[in-house]
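What follows is the content of data30.pdb (PDB, C-alpha atoms).
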ATOM      1  CA  MET A   1     115.315 106.762  67.270
ATOM      2  CA  SER A   2     111.507 106.670  67.385
ATOM      3  CA  GLN A   3     109.722 107.046  70.681
ATOM      4  CA  ALA A   4     106.626 105.232  71.941
ATOM      5  CA  PRO A   5     103.492 107.388  71.826
ATOM      6  CA  THR A   6     102.917 109.366  74.990
ATOM      7  CA  HIS A   7      99.329 110.472  74.375
ATOM      8  CA  SER A   8      96.767 109.723  77.048
ATOM      9  CA  ASP A   9      94.264 107.203  75.744
ATOM     10  CA  HIS A  10      91.510 106.186  78.131
ATOM     11  CA  PHE A  11      87.886 105.204  77.813
ATOM     12  CA  THR A  12      84.997 105.515  80.229
ATOM     13  CA  ILE A  13      82.312 103.065  81.294
ATOM     14  CA  ALA A  14      79.579 104.154  83.695
ATOM     15  CA  GLY A  15      81.604 107.189  84.743
ATOM     16  CA  GLN A  16      84.778 105.216  85.519
ATOM     17  CA  GLU A  17      87.906 105.802  83.442
ATOM     18  CA  TYR A  18      90.073 102.879  82.323
ATOM     19  CA  SER A  19      93.416 102.727  80.555
ATOM     20  CA  SER A  20      93.439  99.009  79.672
ATOM     21  CA  ARG A  21      91.138  98.134  76.787
ATOM     22  CA  LEU A  22      91.482  94.416  77.393
ATOM     23  CA  LEU A  23      88.769  92.898  79.590
ATOM     24  CA  VAL A  24      89.174  89.293  80.677
ATOM     25  CA  GLY A  25      87.141  86.443  82.104
ATOM     26  CA  THR A  26      88.005  84.011  84.865
ATOM     27  CA  GLY A  27      86.718  80.638  83.640
ATOM     28  CA  LYS A  28      88.507  77.534  82.315
ATOM     29  CA  TYR A  29      91.843  78.047  84.070
ATOM     30  CA  LYS A  30      93.354  75.041  85.861
ATOM     31  CA  ASP A  31      93.281  76.797  89.233
ATOM     32  CA  LEU A  32      92.981  80.180  90.906
ATOM     33  CA  ALA A  33      96.747  80.689  90.908
ATOM     34  CA  GLU A  34      96.901  80.427  87.107
ATOM     35  CA  THR A  35      93.885  82.710  86.862
ATOM     36  CA  ALA A  36      95.657  85.374  88.890
ATOM     37  CA  ARG A  37      98.915  85.090  86.906
ATOM     38  CA  ALA A  38      97.192  85.324  83.526
ATOM     39  CA  ILE A  39      95.090  88.315  84.526
ATOM     40  CA  GLU A  40      98.164  90.047  85.901
ATOM     41  CA  ALA A  41      99.952  89.481  82.576
ATOM     42  CA  SER A  42      96.967  90.796  80.618
ATOM     43  CA  GLY A  43      97.073  94.174  82.308
ATOM     44  CA  ALA A  44      93.277  94.100  82.521
ATOM     45  CA  GLU A  45      91.480  96.414  84.920
ATOM     46  CA  ILE A  46      87.997  94.942  84.389
ATOM     47  CA  VAL A  47      87.541  91.256  85.175
ATOM     48  CA  THR A  48      84.274  89.470  84.495
ATOM     49  CA  VAL A  49      82.971  86.684  86.712
ATOM     50  CA  ALA A  50      80.154  84.236  85.973
ATOM     51  CA  VAL A  51      77.992  84.513  89.079
ATOM     52  CA  ARG A  52      76.277  81.160  88.488
ATOM     53  CA  ARG A  53      79.584  79.302  88.104
ATOM     54  CA  THR A  54      82.051  81.133  90.338
ATOM     55  CA  ASN A  55      82.050  81.700  94.061
ATOM     56  CA  ILE A  56      82.118  85.395  94.960
ATOM     57  CA  GLY A  57      80.769  84.807  98.437
ATOM     58  CA  GLN A  58      77.511  82.958  97.821
ATOM     59  CA  THR A  59      79.128  79.655  98.940
ATOM     60  CA  PRO A  60      80.864  80.199 102.291
ATOM     61  CA  GLY A  61      83.769  77.881 103.031
ATOM     62  CA  GLU A  62      84.746  77.338  99.377
ATOM     63  CA  PRO A  63      87.565  79.137  97.534
ATOM     64  CA  ASN A  64      86.478  82.671  96.683
ATOM     65  CA  ILE A  65      87.846  84.171  93.477
ATOM     66  CA  LEU A  66      87.855  87.598  95.104
ATOM     67  CA  ASP A  67      90.697  86.360  97.320
ATOM     68  CA  VAL A  68      93.023  86.391  94.280
ATOM     69  CA  LEU A  69      91.269  89.191  92.373
ATOM     70  CA  PRO A  70      90.580  91.807  95.044
ATOM     71  CA  PRO A  71      87.901  94.393  94.181
ATOM     72  CA  GLU A  72      90.231  97.103  95.487
ATOM     73  CA  ARG A  73      92.512  96.387  92.524
ATOM     74  CA  TYR A  74      90.113  95.215  89.805
ATOM     75  CA  THR A  75      86.669  96.278  88.696
ATOM     76  CA  ILE A  76      84.681  93.090  89.119
ATOM     77  CA  LEU A  77      82.118  92.665  86.348
ATOM     78  CA  PRO A  78      79.508  90.065  87.350
ATOM     79  CA  ASN A  79      77.978  88.372  84.326
ATOM     80  CA  THR A  80      74.905  86.267  83.698
ATOM     81  CA  ALA A  81      76.580  83.437  81.761
ATOM     82  CA  GLY A  82      74.394  80.349  81.761
ATOM     83  CA  CYS A  83      71.109  82.266  81.837
ATOM     84  CA  TYR A  84      68.552  81.342  79.186
ATOM     85  CA  ASP A  85      65.685  83.636  80.126
ATOM     86  CA  ALA A  86      65.281  87.242  81.213
ATOM     87  CA  GLU A  87      63.967  86.401  84.678
ATOM     88  CA  THR A  88      66.997  84.299  85.616
ATOM     89  CA  ALA A  89      69.384  86.927  84.261
ATOM     90  CA  VAL A  90      67.745  89.699  86.271
ATOM     91  CA  ARG A  91      67.748  87.592  89.421
ATOM     92  CA  THR A  92      71.450  86.782  88.920
ATOM     93  CA  CYS A  93      72.347  90.471  88.608
ATOM     94  CA  ARG A  94      70.434  91.299  91.766
ATOM     95  CA  LEU A  95      72.270  88.528  93.632
ATOM     96  CA  ALA A  96      75.605  89.892  92.426
ATOM     97  CA  ARG A  97      74.707  93.384  93.597
ATOM     98  CA  GLU A  98      73.877  92.029  97.029
ATOM     99  CA  LEU A  99      77.103  90.003  97.263
ATOM    100  CA  LEU A 100      79.253  92.915  96.076
ATOM    101  CA  ASP A 101      77.816  95.536  98.432
ATOM    102  CA  GLY A 102      75.648  97.456  95.989
ATOM    103  CA  HIS A 103      77.891  97.116  92.916
ATOM    104  CA  ASN A 104      75.755  98.107  89.900
ATOM    105  CA  LEU A 105      78.024  97.366  86.924
ATOM    106  CA  VAL A 106      77.029  94.066  85.306
ATOM    107  CA  LYS A 107      77.465  92.212  82.058
ATOM    108  CA  LEU A 108      74.156  90.942  80.735
ATOM    109  CA  GLU A 109      73.968  87.924  78.509
ATOM    110  CA  VAL A 110      70.827  85.892  77.860
ATOM    111  CA  LEU A 111      71.554  82.878  75.692
ATOM    112  CA  GLY A 112      69.278  81.333  73.101
ATOM    113  CA  ASP A 113      70.446  77.713  73.114
ATOM    114  CA  GLU A 114      73.249  75.527  74.439
ATOM    115  CA  LYS A 115      74.689  74.551  71.045
ATOM    116  CA  THR A 116      75.442  77.960  69.545
ATOM    117  CA  LEU A 117      75.358  80.140  72.683
ATOM    118  CA  PHE A 118      74.009  82.901  70.476
ATOM    119  CA  PRO A 119      72.127  85.593  72.390
ATOM    120  CA  ASP A 120      68.364  85.490  72.707
ATOM    121  CA  VAL A 121      67.855  89.041  71.500
ATOM    122  CA  ILE A 122      64.221  89.366  72.582
ATOM    123  CA  ALA A 123      64.991  88.172  76.114
ATOM    124  CA  THR A 124      68.105  90.340  76.220
ATOM    125  CA  LEU A 125      66.080  93.454  75.385
ATOM    126  CA  ALA A 126      63.532  92.583  78.066
ATOM    127  CA  ALA A 127      66.163  91.957  80.741
ATOM    128  CA  ALA A 128      68.119  95.085  79.827
ATOM    129  CA  GLU A 129      65.026  97.260  80.216
ATOM    130  CA  ILE A 130      64.295  95.841  83.674
ATOM    131  CA  LEU A 131      67.897  96.147  84.874
ATOM    132  CA  VAL A 132      68.355  99.718  83.657
ATOM    133  CA  LYS A 133      65.145 100.764  85.432
ATOM    134  CA  ASP A 134      66.454  98.991  88.536
ATOM    135  CA  GLY A 135      69.560 101.172  88.593
ATOM    136  CA  PHE A 136      72.085  98.799  87.041
ATOM    137  CA  ASP A 137      74.854  99.907  84.686
ATOM    138  CA  VAL A 138      74.407  97.294  81.974
ATOM    139  CA  MET A 139      77.123  96.161  79.602
ATOM    140  CA  VAL A 140      75.264  93.913  77.193
ATOM    141  CA  TYR A 141      76.329  90.941  75.079
ATOM    142  CA  THR A 142      74.484  90.831  71.785
ATOM    143  CA  ASN A 143      74.766  89.692  68.189
ATOM    144  CA  ASP A 144      76.422  91.801  65.499
ATOM    145  CA  ASP A 145      73.162  93.419  64.355
ATOM    146  CA  PRO A 146      73.532  97.229  64.229
ATOM    147  CA  ILE A 147      69.784  97.751  64.718
ATOM    148  CA  ILE A 148      69.621  95.696  67.918
ATOM    149  CA  ALA A 149      72.823  97.335  69.155
ATOM    150  CA  LYS A 150      71.197 100.750  68.767
ATOM    151  CA  ARG A 151      68.020  99.599  70.518
ATOM    152  CA  LEU A 152      70.044  98.393  73.507
ATOM    153  CA  GLU A 153      71.857 101.716  73.650
ATOM    154  CA  GLU A 154      68.522 103.556  73.542
ATOM    155  CA  LEU A 155      67.312 101.455  76.479
ATOM    156  CA  GLY A 156      70.194 102.866  78.505
ATOM    157  CA  CYS A 157      72.917 100.220  78.349
ATOM    158  CA  VAL A 158      76.319 101.728  79.157
ATOM    159  CA  ALA A 159      78.269  99.536  76.708
ATOM    160  CA  ILE A 160      77.372  97.389  73.716
ATOM    161  CA  MET A 161      79.243  94.096  73.338
ATOM    162  CA  PRO A 162      78.658  92.424  69.961
ATOM    163  CA  LEU A 163      80.111  88.981  69.355
ATOM    164  CA  ALA A 164      82.953  88.542  66.890
ATOM    165  CA  ALA A 165      82.071  84.860  66.527
ATOM    166  CA  PRO A 166      80.371  82.224  68.710
ATOM    167  CA  ILE A 167      81.510  82.095  72.340
ATOM    168  CA  GLY A 168      84.653  80.008  72.759
ATOM    169  CA  SER A 169      85.044  79.358  69.014
ATOM    170  CA  GLY A 170      88.270  81.289  68.443
ATOM    171  CA  LEU A 171      87.160  82.106  64.891
ATOM    172  CA  GLY A 172      87.994  85.805  65.085
ATOM    173  CA  VAL A 173      85.966  88.706  63.704
ATOM    174  CA  ARG A 174      83.645  87.076  61.173
ATOM    175  CA  ASN A 175      81.636  90.136  60.177
ATOM    176  CA  PRO A 176      83.856  93.217  60.398
ATOM    177  CA  LEU A 177      81.503  95.438  58.406
ATOM    178  CA  ASN A 178      78.672  94.958  60.898
ATOM    179  CA  ILE A 179      81.029  95.637  63.806
ATOM    180  CA  LEU A 180      82.212  98.784  62.017
ATOM    181  CA  THR A 181      78.616  99.941  61.540
ATOM    182  CA  ILE A 182      77.845  99.382  65.219
ATOM    183  CA  VAL A 183      80.920 101.423  66.189
ATOM    184  CA  GLU A 184      80.018 104.258  63.812
ATOM    185  CA  ASN A 185      76.449 104.478  65.151
ATOM    186  CA  ALA A 186      77.188 104.158  68.863
ATOM    187  CA  ARG A 187      77.454 106.889  71.473
ATOM    188  CA  VAL A 188      78.530 104.463  74.187
ATOM    189  CA  PRO A 189      81.590 102.196  74.241
ATOM    190  CA  VAL A 190      81.549  99.202  71.907
ATOM    191  CA  LEU A 191      83.573  96.175  72.978
ATOM    192  CA  VAL A 192      83.896  92.974  70.994
ATOM    193  CA  ASP A 193      82.844  90.060  73.165
ATOM    194  CA  ALA A 194      83.311  86.389  72.234
ATOM    195  CA  GLY A 195      85.058  84.587  69.406
ATOM    196  CA  VAL A 196      88.581  86.019  69.600
ATOM    197  CA  GLY A 197      91.237  83.332  69.158
ATOM    198  CA  THR A 198      94.603  85.039  69.045
ATOM    199  CA  ALA A 199      96.311  88.414  69.275
ATOM    200  CA  SER A 200      95.741  89.319  65.629
ATOM    201  CA  ASP A 201      91.975  88.916  66.142
ATOM    202  CA  ALA A 202      92.123  91.370  69.018
ATOM    203  CA  ALA A 203      94.125  93.800  66.895
ATOM    204  CA  ILE A 204      91.562  93.603  64.083
ATOM    205  CA  ALA A 205      88.729  94.439  66.489
ATOM    206  CA  MET A 206      90.643  97.454  67.745
ATOM    207  CA  GLU A 207      91.533  98.594  64.224
ATOM    208  CA  LEU A 208      87.796  98.733  63.494
ATOM    209  CA  GLY A 209      87.488 101.374  66.204
ATOM    210  CA  CYS A 210      86.151  99.245  69.046
ATOM    211  CA  ASP A 211      86.773 100.636  72.511
ATOM    212  CA  GLY A 212      87.931  97.301  73.843
ATOM    213  CA  VAL A 213      87.743  93.512  73.679
ATOM    214  CA  LEU A 214      86.540  91.026  76.257
ATOM    215  CA  MET A 215      87.896  87.489  76.116
ATOM    216  CA  ASN A 216      88.303  84.373  78.212
ATOM    217  CA  THR A 217      88.770  81.111  76.306
ATOM    218  CA  ALA A 218      91.398  82.535  73.954
ATOM    219  CA  ILE A 219      93.669  83.045  76.956
ATOM    220  CA  ALA A 220      92.592  80.231  79.275
ATOM    221  CA  ALA A 221      92.644  77.529  76.577
ATOM    222  CA  ALA A 222      96.058  78.509  75.198
ATOM    223  CA  ARG A 223      98.978  76.154  75.789
ATOM    224  CA  ASP A 224     100.552  78.889  77.901
ATOM    225  CA  PRO A 225      97.747  81.107  79.221
ATOM    226  CA  VAL A 226     100.070  83.598  80.903
ATOM    227  CA  LEU A 227     102.085  84.136  77.725
ATOM    228  CA  MET A 228      98.901  84.410  75.650
ATOM    229  CA  ALA A 229      97.535  87.007  78.065
ATOM    230  CA  SER A 230     100.662  89.069  77.467
ATOM    231  CA  ALA A 231     100.280  88.636  73.696
ATOM    232  CA  MET A 232      96.659  89.767  73.847
ATOM    233  CA  ARG A 233      97.677  92.847  75.786
ATOM    234  CA  LYS A 234     100.116  93.780  73.040
ATOM    235  CA  GLY A 235      97.610  92.974  70.287
ATOM    236  CA  ILE A 236      95.059  95.313  71.840
ATOM    237  CA  GLU A 237      97.641  98.081  72.156
ATOM    238  CA  ALA A 238      98.891  97.626  68.577
ATOM    239  CA  GLY A 239      95.390  97.610  67.125
ATOM    240  CA  ARG A 240      94.426 100.729  69.041
ATOM    241  CA  GLU A 241      97.538 102.609  67.917
ATOM    242  CA  ALA A 242      96.940 101.565  64.299
ATOM    243  CA  TYR A 243      93.367 102.859  64.519
ATOM    244  CA  LEU A 244      94.521 106.178  65.951
ATOM    245  CA  ALA A 245      97.303 106.458  63.371
ATOM    246  CA  GLY A 246      94.912 105.922  60.454
ATOM    247  CA  ARG A 247      95.874 103.204  58.007
ATOM    248  CA  MET A 248      96.847 103.907  54.430
ATOM    249  CA  ALA A 249      94.143 103.544  51.797
ATOM    250  CA  PRO A 250      94.176 100.103  50.142
ATOM    251  CA  LYS A 251      95.191 100.139  46.477
ATOM    252  CA  ARG A 252      94.611  97.637  43.737
ATOM    253  CA  PHE A 253      98.021  98.048  42.112
ATOM    254  CA  ALA A 254     101.567  98.521  43.318
ATOM    255  CA  SER A 255     102.940 101.883  44.382
ATOM    256  CA  ALA A 256     106.710 102.323  44.631
ATOM    257  CA  SER A 257     107.971 102.900  48.161
ATOM    258  CA  SER A 258     110.655 105.214  46.858
ATOM    259  CA  PRO A 259     109.680 108.187  44.623
ATOM    260  CA  LEU A 260     110.478 107.979  40.913
ATOM    261  CA  THR A 261     111.217 111.702  40.558
ATOM    262  CA  GLY A 262     114.640 113.226  41.189
ATOM    263  CA  LEU A 263     116.620 110.131  40.216
ATOM    264  CA  PHE A 264     120.413 110.564  39.845
ATOM    265  CA  PHE A 265     120.758 108.086  36.962
TER     266      PHE A 265
END

Show me this structure written as structure tokens.
Amino acid sequence: MSQAPTHSDHFTIAGQEYSSRLLVGTGKYKDLAETARAIEASGAEIVTVAVRRTNIGQTPGEPNILDVLPPERYTILPNTAGCYDAETAVRTCRLARELLDGHNLVKLEVLGDEKTLFPDVIATLAAAEILVKDGFDVMVYTNDDPIIAKRLEELGCVAIMPLAAPIGSGLGVRNPLNILTIVENARVPVLVDAGVGTASDAAIAMELGCDGVLMNTAIAAARDPVLMASAMRKGIEAGREAYLAGRMAPKRFASASSPLTGLFF
């Protein structure tokens, strides 16, 4: 009877080691209780929070998401969702650091327009440079351009997060070859961010060699978010194991599963 693999398989971001390669967001759930249940089912250790849309202490007297997602248990990853210029993104990160007692790990995203939510690459580069110089550990959302990904790494970003497809689209990995090129060229973790729709999408990202996947809508917008969170956890694990195992080479024609030599009749 086969046994589950026992190898240790961790990855490191900004000097911190993590065993879960699934990172999750906190938006679009019906309430904080569902948020907490889904994140528990996902097994995630890093949870991202939109500072401009979620109360992490900036609005006293209102429900605080940190009450159900305690920083002692989860690494809270403040993000700059909803920022459309470098100045606003930088200011948002500085606010998060103040609210979280000097926490320097942030997810930077600077959007180009409200329709596509594609990143504004020029503004992203500008904001990343400022934040890195200001002592932040920057995980950065970007497009699937290998050249821009390398530039962001050279600026000092601690993780590169190319989109699989537009934010919230659920279209899956649309350009696997570009993602593969980014992974092959990177010396920091690469995590697919945005566009995953179901567990097979997550598995594909991991099979390409990505270090992890960040998602929100794919779980929160599912008919059963808690069950989908569990499915995503398994998809990430399966994709990672397949990558480590090394898939067979694709072939154009059939190849018999059983050998043709040594037949008895």

Around all of range 92-100 of chain A's listed atoms, make the axis-aligned box with 5 Å on each side and tell me centre and edge lengths in Å to one decimal, as AutoDock Vina command-line options.
--center_x 74.8 --center_y 90.1 --center_z 92.9 --size_x 18.8 --size_y 16.6 --size_z 18.7

Exercise for the section: Identify, on the basis of all atoms listed in the file, every residue whose closest approach to Ala126 in chain A does not exceed 12 Å; exclude the query and any residue fewer than 5 positions from it along the same chain; express the result as number ranges by chain. Expected result: A: 85-90, 108-110, 120-121, 131-133, 140, 151-152, 155

Practice task
Can you pull out every residue within 12 Å of range 15-21 of chain A, counting all atoms listed in the file, but drop anything in the same chain fewer than 6 positions away, and send it as a PyMOL selection string?
Solution key: chain A and resi 7-9+39-47+74-75+104-105+137+158-159+188-192+202-203+205-206+209-215+232-241

Exercise for the section: Tell me, as a PyMOL selection string, which residues lie within 9 Å of Lys107 in chain A, counting only C-alpha atoms; anything in the same chain fewer than 6 positions away does not count. Expected result: chain A and resi 48+77-81+93+137-141

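With CA of Ser169 in chain A on one side and CA of Lys150 in chain A on the other, the separation reads 25.5 Å.
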
Problem - For Glu154 in chain A: contacts at 10 Å, only C-alpha atoms, fewer than 4 positions along chain excluded, given as a PyMOL selection string - result: chain A and resi 129+148-150+158+186-187

Fill-in result for range 226-244 of chain A, N, CA and C atoms as a PDB file, keeping the file's coordinate frame:
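Wrote it out as part-v7.pdb, contents follow:
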ATOM      1  N   VAL A 226      99.433  82.361  80.446  1.00  0.00           N
ATOM      2  CA  VAL A 226     100.070  83.598  80.903  1.00  0.00           C
ATOM      3  C   VAL A 226     100.748  84.304  79.731  1.00  0.00           C
ATOM      4  N   LEU A 227     101.432  83.546  78.892  1.00  0.00           N
ATOM      5  CA  LEU A 227     102.085  84.136  77.725  1.00  0.00           C
ATOM      6  C   LEU A 227     101.046  84.665  76.735  1.00  0.00           C
ATOM      7  N   MET A 228      99.951  83.928  76.560  1.00  0.00           N
ATOM      8  CA  MET A 228      98.901  84.410  75.650  1.00  0.00           C
ATOM      9  C   MET A 228      98.265  85.686  76.181  1.00  0.00           C
ATOM     10  N   ALA A 229      98.099  85.781  77.483  1.00  0.00           N
ATOM     11  CA  ALA A 229      97.535  87.007  78.065  1.00  0.00           C
ATOM     12  C   ALA A 229      98.419  88.197  77.740  1.00  0.00           C
ATOM     13  N   SER A 230      99.722  88.010  77.821  1.00  0.00           N
ATOM     14  CA  SER A 230     100.662  89.069  77.467  1.00  0.00           C
ATOM     15  C   SER A 230     100.560  89.419  75.985  1.00  0.00           C
ATOM     16  N   ALA A 231     100.420  88.398  75.134  1.00  0.00           N
ATOM     17  CA  ALA A 231     100.280  88.636  73.696  1.00  0.00           C
ATOM     18  C   ALA A 231      99.004  89.410  73.386  1.00  0.00           C
ATOM     19  N   MET A 232      97.931  89.067  74.065  1.00  0.00           N
ATOM     20  CA  MET A 232      96.659  89.767  73.847  1.00  0.00           C
ATOM     21  C   MET A 232      96.767  91.230  74.263  1.00  0.00           C
ATOM     22  N   ARG A 233      97.461  91.463  75.337  1.00  0.00           N
ATOM     23  CA  ARG A 233      97.677  92.847  75.786  1.00  0.00           C
ATOM     24  C   ARG A 233      98.364  93.663  74.699  1.00  0.00           C
ATOM     25  N   LYS A 234      99.382  93.078  74.100  1.00  0.00           N
ATOM     26  CA  LYS A 234     100.116  93.780  73.040  1.00  0.00           C
ATOM     27  C   LYS A 234      99.273  93.918  71.784  1.00  0.00           C
ATOM     28  N   GLY A 235      98.471  92.897  71.460  1.00  0.00           N
ATOM     29  CA  GLY A 235      97.610  92.974  70.287  1.00  0.00           C
ATOM     30  C   GLY A 235      96.583  94.091  70.403  1.00  0.00           C
ATOM     31  N   ILE A 236      96.008  94.229  71.583  1.00  0.00           N
ATOM     32  CA  ILE A 236      95.059  95.313  71.840  1.00  0.00           C
ATOM     33  C   ILE A 236      95.741  96.665  71.663  1.00  0.00           C
ATOM     34  N   GLU A 237      96.919  96.811  72.237  1.00  0.00           N
ATOM     35  CA  GLU A 237      97.641  98.081  72.156  1.00  0.00           C
ATOM     36  C   GLU A 237      98.026  98.404  70.717  1.00  0.00           C
ATOM     37  N   ALA A 238      98.499  97.395  69.968  1.00  0.00           N
ATOM     38  CA  ALA A 238      98.891  97.626  68.577  1.00  0.00           C
ATOM     39  C   ALA A 238      97.690  98.007  67.720  1.00  0.00           C
ATOM     40  N   GLY A 239      96.585  97.299  67.904  1.00  0.00           N
ATOM     41  CA  GLY A 239      95.390  97.610  67.125  1.00  0.00           C
ATOM     42  C   GLY A 239      94.856  98.999  67.414  1.00  0.00           C
ATOM     43  N   ARG A 240      94.900  99.391  68.674  1.00  0.00           N
ATOM     44  CA  ARG A 240      94.426 100.729  69.041  1.00  0.00           C
ATOM     45  C   ARG A 240      95.318 101.804  68.424  1.00  0.00           C
ATOM     46  N   GLU A 241      96.627 101.620  68.497  1.00  0.00           N
ATOM     47  CA  GLU A 241      97.538 102.609  67.917  1.00  0.00           C
ATOM     48  C   GLU A 241      97.365 102.696  66.402  1.00  0.00           C
ATOM     49  N   ALA A 242      97.154 101.552  65.753  1.00  0.00           N
ATOM     50  CA  ALA A 242      96.940 101.565  64.299  1.00  0.00           C
ATOM     51  C   ALA A 242      95.668 102.325  63.951  1.00  0.00           C
ATOM     52  N   TYR A 243      94.620 102.128  64.750  1.00  0.00           N
ATOM     53  CA  TYR A 243      93.367 102.859  64.519  1.00  0.00           C
ATOM     54  C   TYR A 243      93.581 104.354  64.674  1.00  0.00           C
ATOM     55  N   LEU A 244      94.279 104.759  65.727  1.00  0.00           N
ATOM     56  CA  LEU A 244      94.521 106.178  65.951  1.00  0.00           C
ATOM     57  C   LEU A 244      95.424 106.771  64.877  1.00  0.00           C
TER      58      LEU A 244
END
